[in-house]
Structure formats: structure tokens, C-alpha cells
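> Quick one, final-v1.txt (compact mmCIF, C-alpha atoms (C1' of nucleotides)):
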# COMPACT_ATOMS: atom_id res chain seq x y z
CA MET A 1 0.00 0.00 0.00
CA ARG A 2 1.44 3.29 -1.12
CA SER A 3 2.00 5.86 1.55
CA LEU A 4 -0.16 8.94 1.27
CA LEU A 5 2.62 11.23 2.26
CA PRO A 6 5.92 11.61 0.42
CA TYR A 7 8.29 12.40 3.28
CA CYS A 8 9.02 9.90 6.00
CA ALA A 9 11.35 9.71 8.98
CA VAL A 10 11.79 7.14 11.72
CA LEU A 11 12.49 8.45 15.17
CA PRO A 12 14.06 5.98 17.60
CA LEU A 13 12.68 6.27 21.11
CA ALA A 14 15.29 6.14 23.83
CA VAL A 15 12.56 6.43 26.44
CA PRO A 16 8.93 5.26 26.50
CA LEU A 17 6.26 7.30 24.80
CA ASN A 18 2.49 7.16 25.17
CA LEU A 19 1.44 8.84 21.97
CA GLU A 20 -2.29 8.80 22.55
CA ALA A 21 -1.96 10.30 25.99
CA SER A 22 0.56 12.88 24.85
CA LEU A 23 -1.55 14.20 22.01
CA PHE A 24 -4.49 14.50 24.36
CA CYS A 25 -2.75 15.96 27.39
CA GLY A 26 -0.86 18.45 25.28
CA GLN A 27 -4.24 19.64 24.08
CA ALA A 28 -3.36 19.35 20.43
CA PHE A 29 -6.87 19.99 19.28
CA ARG A 30 -6.10 19.47 15.63
CA TRP A 31 -4.86 15.88 15.94
CA GLN A 32 -7.16 12.96 15.16
CA VAL A 33 -6.80 9.27 15.87
CA ILE A 34 -7.38 7.29 12.70
CA THR A 35 -7.17 3.62 11.82
CA GLU A 36 -5.72 2.60 8.50
CA ASP A 37 -5.18 -1.01 7.46
CA GLY A 38 -5.73 -2.01 11.03
CA GLU A 39 -2.96 0.26 12.22
CA LYS A 40 -3.69 3.09 14.60
CA LYS A 41 -2.31 6.42 13.46
CA PHE A 42 -2.43 10.01 14.55
CA ARG A 43 -3.04 12.62 11.90
CA GLY A 44 -2.78 16.36 12.35
CA VAL A 45 -1.75 19.63 10.81
CA VAL A 46 1.45 21.10 12.20
CA GLU A 47 2.69 24.42 10.91
CA GLY A 48 0.64 24.01 7.77
CA GLU A 49 1.91 20.51 6.98
CA LEU A 50 -0.21 17.41 7.11
CA VAL A 51 1.52 14.92 9.37
CA GLU A 52 0.96 11.35 10.47
CA LEU A 53 2.53 9.65 13.44
CA ALA A 54 2.58 5.90 13.94
CA ARG A 55 4.50 3.46 16.01
CA THR A 56 6.51 1.07 13.91
CA ASP A 57 5.95 -1.75 16.38
CA GLU A 58 3.74 -2.49 19.33
CA SER A 59 6.42 -1.84 21.88
CA ILE A 60 6.26 1.33 23.89
CA HIS A 61 10.03 1.28 23.61
CA GLY A 62 9.83 1.15 19.85
CA SER A 63 10.32 3.83 17.31
CA LEU A 64 8.05 6.42 15.87
CA ARG A 65 7.31 6.81 12.16
CA ILE A 66 6.65 10.32 10.96
CA GLU A 67 5.11 11.09 7.60
CA SER A 68 4.74 14.63 6.40
CA THR A 69 3.82 16.59 3.32
CA ALA A 70 7.15 18.39 3.64
CA PRO A 71 10.65 17.26 4.56
CA LEU A 72 11.06 20.13 6.95
CA ILE A 73 8.89 21.87 9.49
CA LEU A 74 9.92 25.41 10.36
CA ASN A 75 13.17 24.72 8.48
CA GLN A 76 14.03 21.90 10.82
CA PRO A 77 14.35 18.22 9.92
CA LEU A 78 11.24 16.24 10.88
CA GLU A 79 13.13 14.31 13.55
CA LYS A 80 14.44 17.43 15.21
CA PHE A 81 11.13 19.24 15.17
CA PHE A 82 9.17 16.32 16.62
CA THR A 83 11.74 15.58 19.28
CA ARG A 84 10.94 19.00 20.67
CA TYR A 85 7.25 19.03 19.76
CA LEU A 86 6.62 15.73 21.55
CA GLY A 87 8.88 16.67 24.45
CA LEU A 88 11.10 13.64 23.91
CA ASP A 89 14.05 15.62 25.24
CA ASP A 90 12.25 16.52 28.45
CA PRO A 91 13.66 14.68 31.48
CA ILE A 92 10.88 12.29 32.52
CA GLU A 93 12.94 11.02 35.43
CA ALA A 94 12.70 14.51 36.91
CA PHE A 95 8.94 14.98 36.46
CA PHE A 96 8.16 13.65 39.94
CA ALA A 97 10.40 15.04 42.66
CA PRO A 98 12.10 12.48 44.94
CA GLU A 99 10.05 13.82 47.86
CA PHE A 100 6.84 12.97 46.02
CA GLN A 101 8.05 9.48 45.18
CA HIS A 102 8.92 8.99 48.82
CA ASN A 103 5.76 10.47 50.28
CA TYR A 104 3.29 8.94 47.83
CA PRO A 105 4.81 5.63 46.69
CA ASP A 106 1.45 4.00 45.94
CA LEU A 107 0.22 6.87 43.82
CA PHE A 108 3.56 7.08 42.07
CA ALA A 109 3.43 3.37 41.25
CA ALA A 110 -0.21 3.43 40.22
CA SER A 111 0.27 6.19 37.67
CA GLU A 112 3.26 4.38 36.18
CA HIS A 113 1.24 3.34 33.17
CA TYR A 114 1.20 6.98 32.05
CA PHE A 115 4.85 7.80 32.64
CA GLY A 116 5.23 7.57 28.87
CA LEU A 117 3.10 10.67 28.50
CA ARG A 118 4.64 13.90 27.27
CA VAL A 119 3.46 17.47 27.35
CA LEU A 120 3.47 18.82 23.81
CA HIS A 121 5.37 21.99 23.00
CA GLN A 122 3.02 23.70 20.60
CA ALA A 123 2.98 26.93 18.62
CA PRO A 124 2.33 29.78 21.09
CA PHE A 125 -0.36 31.67 19.20
CA GLU A 126 -2.31 28.58 18.18
CA THR A 127 -2.19 27.40 21.78
CA LEU A 128 -3.38 30.76 23.06
CA ILE A 129 -6.40 30.96 20.76
CA SER A 130 -7.30 27.29 21.14
CA PHE A 131 -7.48 27.57 24.90
CA MET A 132 -9.57 30.71 24.71
CA CYS A 133 -12.09 28.38 23.04
CA ALA A 134 -11.94 25.87 25.90
CA GLN A 135 -14.10 27.55 28.51
CA GLY A 136 -17.32 25.72 29.26
CA MET A 137 -16.96 23.34 26.32
CA GLY A 138 -16.44 19.64 25.84
CA ILE A 139 -13.31 18.44 24.07
CA ALA A 140 -15.22 17.74 20.87
CA LEU A 141 -16.55 21.28 20.68
CA ILE A 142 -13.15 22.80 21.45
CA ARG A 143 -11.69 20.72 18.68
CA ARG A 144 -14.38 21.84 16.27
CA GLN A 145 -13.67 25.49 17.00
CA ALA A 146 -9.96 25.07 16.32
CA ASP A 147 -10.75 23.25 13.08
CA LEU A 148 -13.21 25.92 11.96
CA LEU A 149 -10.75 28.71 12.67
CA ALA A 150 -8.22 26.94 10.49
CA THR A 151 -10.54 25.96 7.62
CA ASN A 152 -12.45 29.24 7.50
CA LEU A 153 -9.75 31.78 8.28
CA GLY A 154 -6.35 30.12 7.81
CA SER A 155 -4.46 29.61 4.56
CA THR A 156 -4.86 26.46 2.54
CA THR A 157 -2.51 24.13 0.71
CA THR A 158 -4.23 21.94 -1.85
CA GLU A 159 -1.46 20.08 -3.62
CA GLN A 160 2.09 19.13 -2.85
CA ASN A 161 4.38 17.01 -5.01
CA PHE A 162 1.44 16.10 -7.25
CA ILE A 163 -0.45 14.59 -4.35
CA PRO A 164 -3.73 16.28 -3.50
CA ILE A 165 -3.56 17.40 0.08
CA THR A 166 -5.85 19.70 1.94
CA ALA A 167 -4.07 21.11 4.94
CA TYR A 168 -5.27 24.19 6.73
CA GLU A 169 -2.74 26.28 8.54
CA PHE A 170 -3.88 27.88 11.76
CA PRO A 171 -4.60 31.59 11.16
CA THR A 172 -1.97 34.15 12.01
CA ALA A 173 -2.63 36.90 14.51
CA ALA A 174 -3.01 39.38 11.67
CA GLN A 175 -5.55 37.16 9.92
CA LEU A 176 -7.68 36.85 13.04
CA ALA A 177 -7.34 40.54 13.85
CA GLU A 178 -8.62 41.48 10.41
CA ALA A 179 -11.35 38.86 10.21
CA PRO A 180 -14.92 40.19 10.38
CA LEU A 181 -16.52 39.57 13.75
CA ALA A 182 -19.33 37.60 12.14
CA ALA A 183 -16.89 35.23 10.43
CA LEU A 184 -15.07 34.75 13.71
CA GLN A 185 -18.29 34.06 15.58
CA VAL A 186 -19.13 31.20 13.20
CA CYS A 187 -15.97 29.52 14.48
CA THR A 188 -16.70 30.00 18.17
CA ASN A 189 -20.02 28.18 18.44
CA ASN A 190 -21.84 31.47 17.87
CA ASN A 191 -20.42 32.83 21.07
CA SER A 192 -20.06 36.55 20.34
CA ILE A 193 -18.18 37.40 23.51
CA ARG A 194 -15.57 34.78 22.75
CA ALA A 195 -15.26 36.02 19.18
CA ARG A 196 -14.69 39.57 20.43
CA ASN A 197 -12.10 38.46 22.98
CA ILE A 198 -10.19 36.43 20.39
CA LYS A 199 -10.18 39.32 17.96
CA ALA A 200 -8.92 41.68 20.65
CA VAL A 201 -6.12 39.32 21.68
CA ALA A 202 -5.16 38.72 18.05
CA SER A 203 -4.93 42.48 17.54
CA LEU A 204 -2.65 42.82 20.55
CA VAL A 205 -0.35 40.12 19.20
CA ALA A 206 -0.44 41.50 15.65
CA ARG A 207 0.43 44.99 16.85
CA GLY A 208 3.26 43.64 19.00
CA ASP A 209 1.64 44.76 22.23
CA LEU A 210 1.51 41.17 23.44
CA LYS A 211 4.81 39.47 22.63
CA LEU A 212 4.42 35.73 23.10
CA GLU A 213 8.09 35.01 22.37
CA THR A 214 9.08 37.38 25.15
CA LEU A 215 6.74 35.62 27.54
CA ALA A 216 8.13 32.17 26.72
CA SER A 217 10.49 30.39 29.06
CA PRO A 218 13.27 31.20 29.88
CA HIS A 219 12.88 34.83 28.81
CA ALA A 220 10.12 35.43 31.33
CA SER A 221 9.06 33.87 34.61
CA LEU A 222 5.77 32.03 34.96
CA ASP A 223 4.30 34.93 36.93
CA GLU A 224 5.28 37.50 34.31
CA ALA A 225 3.81 35.41 31.54
CA ARG A 226 0.50 34.61 33.21
CA ASN A 227 0.02 38.18 34.42
CA ALA A 228 0.49 39.48 30.90
CA LEU A 229 -1.99 36.93 29.55
CA MET A 230 -4.57 37.48 32.29
CA ALA A 231 -4.64 41.18 31.49
CA CYS A 232 -6.66 40.16 28.42
CA SER A 233 -10.40 39.79 28.66
CA GLY A 234 -11.40 36.16 28.39
CA ILE A 235 -8.17 34.79 29.84
CA GLY A 236 -8.24 33.78 33.49
CA GLU A 237 -5.94 31.75 35.69
CA LYS A 238 -6.62 28.34 34.19
CA ILE A 239 -6.37 29.33 30.56
CA ALA A 240 -3.26 31.42 31.24
CA ASP A 241 -1.63 28.44 32.93
CA CYS A 242 -2.52 26.16 30.02
CA VAL A 243 -0.99 28.56 27.53
CA CYS A 244 2.12 28.87 29.71
CA LEU A 245 2.52 25.10 30.01
CA PHE A 246 1.59 23.92 26.51
CA GLY A 247 2.64 26.89 24.41
CA LEU A 248 5.29 28.87 26.27
CA GLY A 249 7.40 26.13 27.84
CA HIS A 250 6.76 27.01 31.49
CA SER A 251 6.98 23.53 32.98
CA ASP A 252 6.12 24.84 36.45
CA ALA A 253 2.70 26.06 35.34
CA PHE A 254 -0.04 24.03 37.03
CA PRO A 255 -3.45 24.49 35.41
CA ILE A 256 -6.31 23.75 37.81
CA ASP A 257 -9.65 22.68 36.36
CA THR A 258 -12.53 20.66 37.74
CA HIS A 259 -10.71 17.34 37.31
CA VAL A 260 -7.51 18.58 38.93
CA ARG A 261 -9.48 19.94 41.87
CA GLN A 262 -11.08 16.54 42.33
CA TYR A 263 -7.80 14.65 42.53
CA LEU A 264 -6.12 17.30 44.68
CA ASP A 265 -8.93 16.71 47.15
CA ALA A 266 -9.03 12.92 46.86
CA TRP A 267 -5.31 12.18 46.90
CA PHE A 268 -3.75 15.02 48.85
CA GLY A 269 -6.58 16.13 51.10
CA LEU A 270 -6.46 19.67 49.77
CA ARG A 271 -9.99 20.47 50.80
CA THR A 272 -9.84 23.97 49.48
CA ALA A 273 -9.96 22.17 46.18
CA THR A 274 -13.65 21.48 46.49
CA GLN A 275 -14.63 24.93 47.67
CA SER A 276 -15.24 27.78 45.29
CA LEU A 277 -11.98 29.03 43.84
CA THR A 278 -11.11 32.70 44.13
CA ARG A 279 -8.13 34.17 42.34
CA THR A 280 -5.87 34.00 45.36
CA GLY A 281 -7.36 30.65 46.29
CA TYR A 282 -6.31 29.32 42.90
CA ASP A 283 -2.78 30.64 43.37
CA ARG A 284 -2.51 29.10 46.81
CA LEU A 285 -3.79 25.75 45.60
CA ALA A 286 -1.34 25.73 42.70
CA ASP A 287 1.50 26.56 45.09
CA GLU A 288 0.53 23.68 47.35
CA ALA A 289 0.48 21.33 44.38
CA ARG A 290 3.92 22.55 43.33
CA LYS A 291 5.16 21.92 46.87
CA ILE A 292 3.89 18.33 46.76
CA LEU A 293 4.99 17.46 43.23
CA GLY A 294 8.15 19.53 42.98
CA ALA A 295 7.89 22.97 41.42
CA LYS A 296 10.16 22.64 38.41
CA TYR A 297 8.09 20.08 36.48
CA ALA A 298 4.80 20.36 38.34
CA GLY A 299 2.92 20.83 35.09
CA HIS A 300 4.25 17.60 33.59
CA ALA A 301 3.61 15.59 36.75
CA GLY A 302 0.18 17.13 37.01
CA GLN A 303 -0.75 15.99 33.51
CA ILE A 304 0.25 12.41 34.32
CA LEU A 305 -1.89 12.48 37.46
CA PHE A 306 -4.68 14.17 35.53
CA HIS A 307 -4.68 11.42 32.96
CA TYR A 308 -4.54 8.67 35.55
CA TRP A 309 -7.42 10.27 37.42
CA ARG A 310 -9.63 10.67 34.39
CA LEU A 311 -9.03 7.28 32.80
CA ASN A 312 -8.51 4.90 35.70
CA VAL A 313 -10.46 6.49 38.53
CA ARG A 314 -13.27 8.33 36.81
CA GLY A 315 -13.50 5.94 33.89
CA LEU A 316 -13.66 8.67 31.27
CA THR A 317 -12.32 8.29 27.76
CA ALA A 318 -9.09 9.75 26.46
CA VAL A 319 -10.49 11.70 23.56
C1' DC B 1 -36.19 20.30 30.67
C1' DC B 2 -32.39 18.97 32.94
C1' DC B 3 -27.40 18.75 33.45
C1' DC B 4 -22.79 18.93 31.95
C1' DA B 5 -18.69 20.55 29.45
C1' DG B 6 -10.97 21.00 31.52
C1' DG B 7 -14.07 29.14 33.38
C1' DC B 8 -14.38 34.08 33.45
C1' DA B 9 -15.93 38.69 34.93
C1' DG B 10 -18.50 41.57 37.83
C1' DC B 11 -20.54 42.74 41.95
C1' DG B 12 -21.39 43.62 47.00
C1' DC B 13 -19.49 42.74 51.32
C1' DG C 1 -9.55 39.28 49.54
C1' DC C 2 -13.93 36.35 49.59
C1' DG C 3 -18.10 34.39 47.99
C1' DC C 4 -21.75 34.46 45.00
C1' DT C 5 -24.04 34.92 40.55
C1' DG C 6 -24.78 35.58 35.67
C1' DC C 7 -23.21 34.30 31.50
C1' DA C 8 -23.26 31.81 26.48
C1' DT C 9 -23.61 27.69 23.75
C1' DG C 10 -24.08 22.84 22.06
C1' DG C 11 -24.88 18.14 23.15
C1' DG C 12 -26.60 14.10 25.76
Rewrite the structure from the file as C-alpha cells, please.

Amino acid sequence: MRSLLPYCAVLPLAVPLNLEASLFCGQAFRWQVITEDGEKKFRGVVEGELVELARTDESIHGSLRIESTAPLILNQPLEKFFTRYLGLDDPIEAFFAPEFQHNYPDLFAASEHYFGLRVLHQAPFETLISFMCAQGMGIALIRRQADLLATNLGSTTTEQNFIPITAYEFPTAAQLAEAPLAALQVCTNNNSIRARNIKAVASLVARGDLKLETLASPHASLDEARNALMACSGIGEKIADCVCLFGLGHSDAFPIDTHVRQYLDAWFGLRTATQSLTRTGYDRLADEARKILGAKYAGHAGQILFHYWRLNVRGLTAV
DNA sequence: CCCCAGGCAGCGC
DNA sequence: GCGCTGCATGGG
């Protein structure tokens, strides 16, 4: 069977990888799980290129096959780009601090199945806008909004190397800033407030008044980054933390949502977790979590616990 | 008609 | 600061 995509690379995995969990926990809303010839694959659009990821064998310690419509992504070889994108060069052995392993050996052992999970390092602007779409929505609806933004307002590639491909790049800040409000609202489940907020944030980025590169680690601290983001209407603590963790490389960011509050209560007895969360209450809770997990990689550890909680305790589905 | 979905902003105290 | 409430929309 001929491969759909002309460019292929095989990435050896020195450490385990849980692809399904990574693509979900990194909140890559434009990735889909597909099955082709009985083989499970992951297909998405990254920087305007259509990309497929598949394990070349059933072993978690195997290797990863990458197929792309282009040999390079952002002028980097596929292998190099995806090593960073998938966080394969992040130190998993440091995700859980020794104190945590010592204090919570059972929990540490129980979540072992998801140690192969990685936090994705995604494009800052796409991450920012995608998470602005996440409030009060199910995953499926968030995903649809990101797709609509790309198909309706992003640029399109229809053919590469004589192979018909339809890949929609995520819109640039300038494209979203110039888009008519009505067109934007179509992409945000008809939510006009969200459309306005996204347009305003896109304008800030396009004008250079909100510099995402400057807010990325290590140029800025987590506090500087989240304060700058939270100054925008429509971005609160949780969404700011998600953008910091998934888009700006702040591994100490610890996003707290309903699921995280549940496990903080159940596993660590942080009862404030189940009370209503004020702004300072959120900050205090996040600080306590960082104290328990180890501050430096609290976000990564938190995503592993988050996944374990959702799938094994709550019995929810991955995607 | 109800509840839920990985919150946020505004208000009075 | 804290606690409460309204909000805006689609899907089960």
C-alpha cells in the first residue's frame, strides 16, 4: 500500500512514549486518531503541513514513524522538530520530585502506566487561541472550533508534489485581527463574547503589544507570563496556565480545572480544592500542588496524574 | 427540561 | 480578599 505522504522519517525512542496520551494531554486539538489497514495512526496539521505519526511496532520502547507533506517543518528536519514538539528531550525522570516518590509511593506506582506521557510543545499563538475556546466546552466542541478557525480563516494548501492534500494552517494573529466579527463568531459556536475576545487578543499580538516570544520560558518567569496573559479579557488563571505550560514552555505552570481539583482533594486532602476558587485561592492551591509534586516540572507531573485520574479512577475516555 | 462541558468577569461585602 | 451569581452555547 502506497503511503499517502511523500516524506518519512523514523524516530528511535530512547525512552517510552504514550502517543495517545501525549496528544491528548498536550491539548493538540487538531490531531485525530485514525485507523488505516488495522494500524492506529495520529493525523494532524502542524505548521501548515499534514503529518501522520505511527509506532513502527507495538512496543512502547519502539520507534516512531513520521510522515509529512514536507521534509522540513519550520526549516528543521522532521526528527528534530518532533523531538521537541513531543517533548522527547524533556527529562521524565525529573517529572516527579524524589520527595513525592517517597511520600506517595502508591500513587507514584499506580500512575506508572502513564509515565510515557509527554506534554506537547506547541505553537504559542495557536495554543493561546485554542485555549480561549476551551471555557465551558467539551473536548469535541473545542476541537471543532480550532478546526473551523483553520478551515475558514487560515491559509490552505491543496497540492504538494502532485499529491492532492488539503491542509489548513492555523490563522496568524493578523488574519484573526482582520477577520470580520461575524466570520469569527461562526468559528466560536456562535459565542459573540468569545469572538470579540479572540479578535482583541489577536490584535494585541499582531500589533506587537503582546509578545508571546518574550513571555516564553526562559525569557520570562511564569508569573510575568501569566500576568500578561490574564490582562486580556477572556483569559483567566486556568487558561493562562494552560498557555504557559503547553505553548510557552513554562513547565512549572499548574493548570487547575474541575478534574484537577477533584484529585487534589481525593489524593492530597487539599480540601480547598472542592470549595469555590477565588483568584488568590487558585494561586494558593497551585503553590501547594507545586510543593507536593516539585515545582520545576509540576505541570508535567500534574498531567500524568490528571490522565490517571480521568481514565482509571473516573472511567472517562481519552479523547 | 435537565445537566454537563478542563471558566471568566463583575458585583457587593 | 472572599463568595456568590450571571453568562453563552451545544450536546446528551
> Only residues of chain A matter here; which ones have an atom within 8 Å of chain C, counting all atoms listed in the file? Give them as an NGL selection string.
:A and (141 or 189-191 or 276 or 278 or 280)
> In file coordinates, which residues lie within 10 Å of (-8.3, 17.9, 40.6) using all atoms listed in the file, given as a ChimeraX atom specification?
/A:255-268,270,273-274,302,305-306,309-310 /B:6
> Show me, as a Markdown table, the residues of chain A having an atom within 9 Å of chain B, each with the closest atom pair and its distance in Å, using all atoms listed in the file.

| residue | atom | partner | partner_atom | distance |
| --- | --- | --- | --- | --- |
| A:Ala134 | CA | B:DG6 | C1' | 7.5 |
| A:Gln135 | CA | B:DG7 | C1' | 5.1 |
| A:Gly136 | CA | B:DA5 | C1' | 5.4 |
| A:Met137 | CA | B:DA5 | C1' | 4.5 |
| A:Gly138 | CA | B:DA5 | C1' | 4.4 |
| A:Ile139 | CA | B:DA5 | C1' | 7.9 |
| A:Ser233 | CA | B:DA9 | C1' | 8.4 |
| A:Gly234 | CA | B:DC8 | C1' | 6.2 |
| A:Ile235 | CA | B:DC8 | C1' | 7.2 |
| A:Gly236 | CA | B:DC8 | C1' | 6.1 |
| A:Glu237 | CA | B:DG7 | C1' | 8.8 |
| A:Lys238 | CA | B:DG7 | C1' | 7.5 |
| A:Ile239 | CA | B:DG7 | C1' | 8.2 |
| A:Ile256 | CA | B:DG6 | C1' | 8.3 |
| A:Asp257 | CA | B:DG6 | C1' | 5.3 |
| A:Thr258 | CA | B:DG6 | C1' | 6.4 |
| A:His259 | CA | B:DG6 | C1' | 6.9 |
| A:Val260 | CA | B:DG6 | C1' | 8.5 |
> Which polymer residues have any atom within 7 Å of an atom of Ala295 in chain A, counting only C-alpha atoms (C1' of nucleotides), with same-chain residues fewer than 4 positions away left out, as a count of residues only?
3
> What's the 12 Å shell around His113 in chain A, counting all atoms listed in the file, without same-chain residues fewer than 5 positions away, as a PyMOL selection string?
chain A and resi 16-18+21+60+107-108+304-305+307-309+311-312
> What is the CA of Arg55 in chain A to CA of Arg30 in chain A distance in Å?
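One can read the CA of Arg55 in chain A to CA of Arg30 in chain A distance as 19.2 Å.
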> Kindly give the distance, in Å, that separates CA of Asp223 in chain A and CA of Val119 in chain A, rounded to a single decimal.
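Between CA of Asp223 in chain A and CA of Val119 in chain A the gap works out to 19.9 Å.
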> Starting from the structure just given, write a file holding chain C with N, CA and C atoms (P, O5', C5', C4', C3', O3' and C1' of nucleotides), as a compact mmCIF listing (two decimals), in the first residue's frame.

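Generated file (selection21.txt):
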# COMPACT_ATOMS: atom_id res chain seq x y z
P DG C 1 -4.63 40.69 48.93
O5' DG C 1 -6.05 40.29 48.37
C5' DG C 1 -6.49 39.00 48.20
C4' DG C 1 -7.30 38.60 49.43
C3' DG C 1 -8.16 37.40 49.18
O3' DG C 1 -8.34 36.66 50.37
C1' DG C 1 -9.55 39.28 49.54
P DC C 2 -8.76 35.14 50.30
O5' DC C 2 -10.35 35.20 50.30
C5' DC C 2 -11.01 35.71 51.45
C4' DC C 2 -12.51 35.62 51.28
C3' DC C 2 -12.99 34.38 50.53
O3' DC C 2 -13.99 33.76 51.29
C1' DC C 2 -13.93 36.35 49.59
P DG C 3 -14.45 32.24 51.01
O5' DG C 3 -15.90 32.49 50.38
C5' DG C 3 -16.83 33.28 51.10
C4' DG C 3 -17.98 33.63 50.19
C3' DG C 3 -18.47 32.47 49.33
O3' DG C 3 -19.86 32.31 49.52
C1' DG C 3 -18.10 34.39 47.99
P DC C 4 -20.66 31.09 48.89
O5' DC C 4 -21.58 31.85 47.83
C5' DC C 4 -22.26 33.05 48.24
C4' DC C 4 -22.68 33.82 47.03
C3' DC C 4 -23.36 32.97 45.96
O3' DC C 4 -24.71 33.39 45.84
C1' DC C 4 -21.75 34.46 45.00
P DT C 5 -25.71 32.59 44.92
O5' DT C 5 -25.62 33.43 43.57
C5' DT C 5 -25.75 34.85 43.61
C4' DT C 5 -25.60 35.40 42.22
C3' DT C 5 -26.31 34.57 41.14
O3' DT C 5 -27.08 35.44 40.33
C1' DT C 5 -24.04 34.92 40.55
P DG C 6 -28.18 34.91 39.37
O5' DG C 6 -27.59 35.43 37.99
C5' DG C 6 -27.20 36.79 37.86
C4' DG C 6 -26.41 36.99 36.59
C3' DG C 6 -27.03 36.29 35.37
O3' DG C 6 -27.03 37.16 34.27
C1' DG C 6 -24.78 35.58 35.67
P DC C 7 -27.74 36.77 32.93
O5' DC C 7 -26.48 36.33 32.04
C5' DC C 7 -25.30 37.14 32.03
C4' DC C 7 -24.20 36.37 31.35
C3' DC C 7 -24.68 35.58 30.13
O3' DC C 7 -24.04 36.06 28.97
C1' DC C 7 -23.21 34.30 31.50
P DA C 8 -24.93 36.27 27.65
O5' DA C 8 -23.90 35.87 26.51
C5' DA C 8 -22.73 35.15 26.80
C4' DA C 8 -22.57 33.97 25.85
C3' DA C 8 -23.83 33.62 25.06
O3' DA C 8 -23.46 33.20 23.76
C1' DA C 8 -23.26 31.81 26.48
P DT C 9 -24.53 32.97 22.63
O5' DT C 9 -24.45 31.39 22.47
C5' DT C 9 -23.25 30.81 22.00
C4' DT C 9 -23.26 29.33 22.22
C3' DT C 9 -24.48 28.58 21.70
O3' DT C 9 -24.14 28.03 20.44
C1' DT C 9 -23.61 27.69 23.75
P DG C 10 -25.19 27.11 19.64
O5' DG C 10 -24.69 25.64 19.96
C5' DG C 10 -23.32 25.33 19.80
C4' DG C 10 -23.04 23.92 20.26
C3' DG C 10 -23.98 22.86 19.70
O3' DG C 10 -23.24 21.70 19.39
C1' DG C 10 -24.08 22.84 22.06
P DG C 11 -23.91 20.45 18.65
O5' DG C 11 -24.00 19.38 19.82
C5' DG C 11 -22.80 18.99 20.49
C4' DG C 11 -23.12 18.08 21.64
C3' DG C 11 -24.09 16.94 21.29
O3' DG C 11 -23.61 15.74 21.84
C1' DG C 11 -24.88 18.14 23.15
P DG C 12 -24.18 14.32 21.31
O5' DG C 12 -24.68 13.60 22.62
C5' DG C 12 -23.78 13.47 23.73
C4' DG C 12 -24.58 13.22 24.99
C3' DG C 12 -25.64 12.13 24.84
O3' DG C 12 -25.50 11.16 25.87
C1' DG C 12 -26.60 14.10 25.76
